[in-house]
Amino acid sequence: MDIATSDTAVDTELAIEARGLVKRFDDTLAVDGVDLLVPRGSITGILGPNGAGKTTTLRMMLGIIDPDEGMRRVLGHDDPKDIARLIGYLPEERGLYPAMKATDAIGFMGALRGLPLPEGRERGRKLLEDHGLGHAADKQIRQLSKGMAQIVQLLGTLVHDPQLVVLDEPFSGLDAINQGKLEVLIRGLADKGVTVIFSTHVIAHAERLCEGIAIIAGGKVPFAGRVDEARDRIPAQVRLETSAQDGPWMAALPESRRKVGKFWYFPLPDTGIEPLLRALIDGNAGIQSLSIERAGLHDAFVAIAGEAAAADLVTSPEGEEA
Amino acid sequence: MQGTTTAGRLSLWRAAFVVARRDFTAILFSRAFIFFLLGPLFPVAVAALAGGVGAQVQSEAMAADVGIAMPADDLDAMMAARDELAEKVGPAIPPFVALERLQPGESFDAEELLSSGEGRFAAVVTGTVQEPQLTAPEANLARWQGTVSLIAAKAASREATAYPPVTTHPVATSGASENRGRFQTAQAGQLLLFLLIMLLASMVLSNLVEEKGNKIIEILAAAIPMDAVFVGKLFAMLAISLVGIAVWGSVGTGLLLAGGRSLSEFANPGVGWPMFFALGAVYFGMGYLLLGSIFLAVGSMATTVREVQTLAMPVTMAQVLVFFLASLAVTRTGEWFEYLAIAFPLSSPFAMLARAAVDEALWPHLLALVWQAVCVAVFIRAGASLFRRKVMKSGPQGAARSRGLGSLIRGTFRIGS
């Protein structure tokens, strides 16, 4: 699997290079030969249903657990713990000490990554103010709402200015407003050259944010690459409405055409739209409307990973909230 | 450390310090810590109170009188002999209370007096000086039979006894008493060490439950080595324990001094008191880290507080077994059994503290401390490794798979899986 734009990308251009990662838990094969190349400064989504192996893959890349087989290099280092100060990690299962104040929690997370505690607290206070949570700086975590606590933990993930940020299901549990804020924050990180990699089972987030995605299902990665490459796996669909019910123009439509209501649907021919348009006009189709619809990421996911894997995916954040 | 972070990882000790600082301050500034400090003082106060009341009761019980009813001459002679002997012998001679001066042919029913419960009489002496009779419950008969005989003999002699003066030559101690005293010091030191470790080290059992419950463990595991998490947590709890011991020790010392007690009641230990205390502190630390590292590893496998509570009893019993091993070693100084107790890591601190009480050599302590430190490192590494392999698995589906201690044990012993 290669999310990099080129297979020839050299190590120094890669934030993450993983090849043949395998992980078993007892009799369960959780990850089965995952390859992953993530360019520096990119936003990459790991897209897959629950239980697909996303978290295990991320944990192996972070050095929390070791792979049974395969290799991984993170920011050019074989052992991710060697560069712990350059990495920020937000786990899927959020956790903070309930009795800690928000600034202390951020400072503590920074201290774990090598930032002096007083400086971490100071930065934490500023980050909270910048994100509209200045009033919560001296409140205990137990006094904050779930969403606010989640933002505090996210800020703790970023307080030490990491070069690589790994977010496991970062949008999970956030309301629409905070999801929007998080999207802005992720884009801001990428603008500063930080590599962001996040896992999600919400397609809309991957579609909106990511330059590259890796689709993971059943511990395997059937696709990795740019989002538009994934969409291109399914040819664009033409939607056509005509006033004529039949005529010589019908010969211009491919065999795989299907009619739903008053519309004809069929894949865009390899020759492009112009020859088709000419044939329809010459054949007196009476074109009422014609549009070219590119496949969405969900359709691409279904085509790549199958209906079963797509069943647990959520198309939109609203769907997840529901 | 630089203000801005640079590539690299925190050293194990630096990372452990970050964890320990968080744990230490979180516990120290919690309300529960006040109860932690006060907790052991309650039994001390209760024991002091109970001891005082018990001593009073015992004193009163022991102060029971011996009644005497004899013909007038015999009674006077017995009373005079009793007073003279009491002056020489002391409290071993019971106080006599004259009940009745009998006329010739008159008798006294001692059994009726004792069964009536009148007065505080534990026994009654009747008969004559030549043929005294003692009436009392069985236990008191054995206790005072000889004494009454001695008093009667003295009363019968009617002559002043010449008591030769005894010239005394005090010495600090004798070989026998010093050995016995050092043995007692060793036992007392071991017992104190055991009580402190038993009370304090078991707290470590539940130490990782909070992190697992709050899901913070993954943040820790992603940032620093699990060894550092274990080391940090152990040393934080050790520091908390030392704060507690400092408080309890100060209060205890104050109470002892107020009660007029001193260390001179114990024999001077082989290495001397200052070194004995220093070694006691070091062996407490080592014992705490050794047992604590095992408790931490075992406790880290528990998934719920209930499992931790279930583990507490067998863990305490295991501690008692270790203590018995070390206690037996005190009686086998220089034998293979003592060396076994010293070599076995968990009993080593207890056995070595006992050795410090009876033997002045210091170099064995250096060797023992190195050995214990190695064992601590091995235990921590093994515990952290087990935790990484068995507990840190995956997300929600991994959490569902994450196993309790029972299934972990079943899995560990499953052959060929």
# chains A, B, ... in the order shown; residues from 1 in each chain; ligands from 1

call {"tool": "interface_residues", "arguments": {"of": "chain A", "to": "chain B", "cutoff": "7 Å", "atoms": "only C-alpha atoms", "output": "PDB file with C-alpha atoms, in the first residue's frame"}}
result
ATOM      1  CA  GLY A  51     -12.707  -3.975  14.239  1.00  0.00           C
ATOM      2  CA  THR A  55      -6.203   0.916  16.065  1.00  0.00           C
ATOM      3  CA  THR A  56      -3.846  -2.048  16.080  1.00  0.00           C
ATOM      4  CA  LEU A  62       3.554   4.219  17.564  1.00  0.00           C
ATOM      5  CA  GLY A  63       5.475   1.438  19.294  1.00  0.00           C
ATOM      6  CA  ILE A  64       2.746   0.784  21.865  1.00  0.00           C
ATOM      7  CA  ILE A  65       2.761  -2.802  20.687  1.00  0.00           C
ATOM      8  CA  LYS A  81       9.756   5.644  21.195  1.00  0.00           C
ATOM      9  CA  ASP A  82      13.123   7.137  20.179  1.00  0.00           C
ATOM     10  CA  ILE A  83      11.283  10.120  18.751  1.00  0.00           C
ATOM     11  CA  ALA A  84       8.448  10.273  21.234  1.00  0.00           C
ATOM     12  CA  ARG A  85       8.995  14.016  21.560  1.00  0.00           C
ATOM     13  CA  LEU A  86       8.126  14.483  17.879  1.00  0.00           C
ATOM     14  CA  PRO A  91      -6.051   7.440  21.439  1.00  0.00           C
ATOM     15  CA  GLU A  92      -9.504   6.272  20.556  1.00  0.00           C
ATOM     16  CA  GLU A  93     -10.477   5.688  24.145  1.00  0.00           C
ATOM     17  CA  ARG A  94     -10.122   9.107  25.702  1.00  0.00           C
ATOM     18  CA  GLY A  95      -8.602   9.343  29.128  1.00  0.00           C
ATOM     19  CA  LEU A  96      -7.676  12.040  31.587  1.00  0.00           C
ATOM     20  CA  TYR A  97      -7.259  12.140  35.336  1.00  0.00           C
ATOM     21  CA  ALA A 111       5.812  16.462  30.182  1.00  0.00           C
ATOM     22  CA  LEU A 112       5.386  12.865  29.010  1.00  0.00           C
ATOM     23  CA  ARG A 113       6.749  14.059  25.657  1.00  0.00           C
ATOM     24  CA  GLY A 114       9.641  15.962  27.189  1.00  0.00           C
ATOM     25  CA  LEU A 115       8.186  19.425  27.668  1.00  0.00           C
ATOM     26  CA  PRO A 116       8.995  20.990  31.063  1.00  0.00           C
ATOM     27  CA  HIS A 160       4.731  19.935  22.574  1.00  0.00           C
TER      28      HIS A 160
END

call {"tool": "closest_atom_pairs", "arguments": {"of": "segment 132-182 of chain A", "to": "segment 205-215 of chain A", "cutoff": "12 Å", "atoms": "only C-alpha atoms", "output": "CSV"}}
result
residue,atom,partner,partner_atom,distance
A:Glu169,CA,A:His205,CA,10.3
A:Pro170,CA,A:His205,CA,10.2
A:Phe171,CA,A:His205,CA,8.4
A:Ser172,CA,A:His205,CA,11.0
A:Ala176,CA,A:His205,CA,11.7
A:Gln179,CA,A:His205,CA,9.2
A:Gly180,CA,A:His205,CA,9.9
A:Leu182,CA,A:His205,CA,10.4

call {"tool": "residues_around", "arguments": {"residues": "Glu69 of chain A", "least_positions_apart": "5", "cutoff": "9 Å", "atoms": "only C-alpha atoms", "output": "number ranges by chain"}}
result
A: 20-23, 33

call {"tool": "atom_distance", "arguments": {"atom1": "atom CA of Ala98 of chain B", "atom2": "atom CA of Ser157 of chain B"}}
result
20.6 Å

call {"tool": "closest_residue", "arguments": {"among": "A:Lys126, A:His131, A:Lys262, A:Lys146", "to": "Ser289 of chain A", "atoms": "only C-alpha atoms"}}
result
A:Lys262
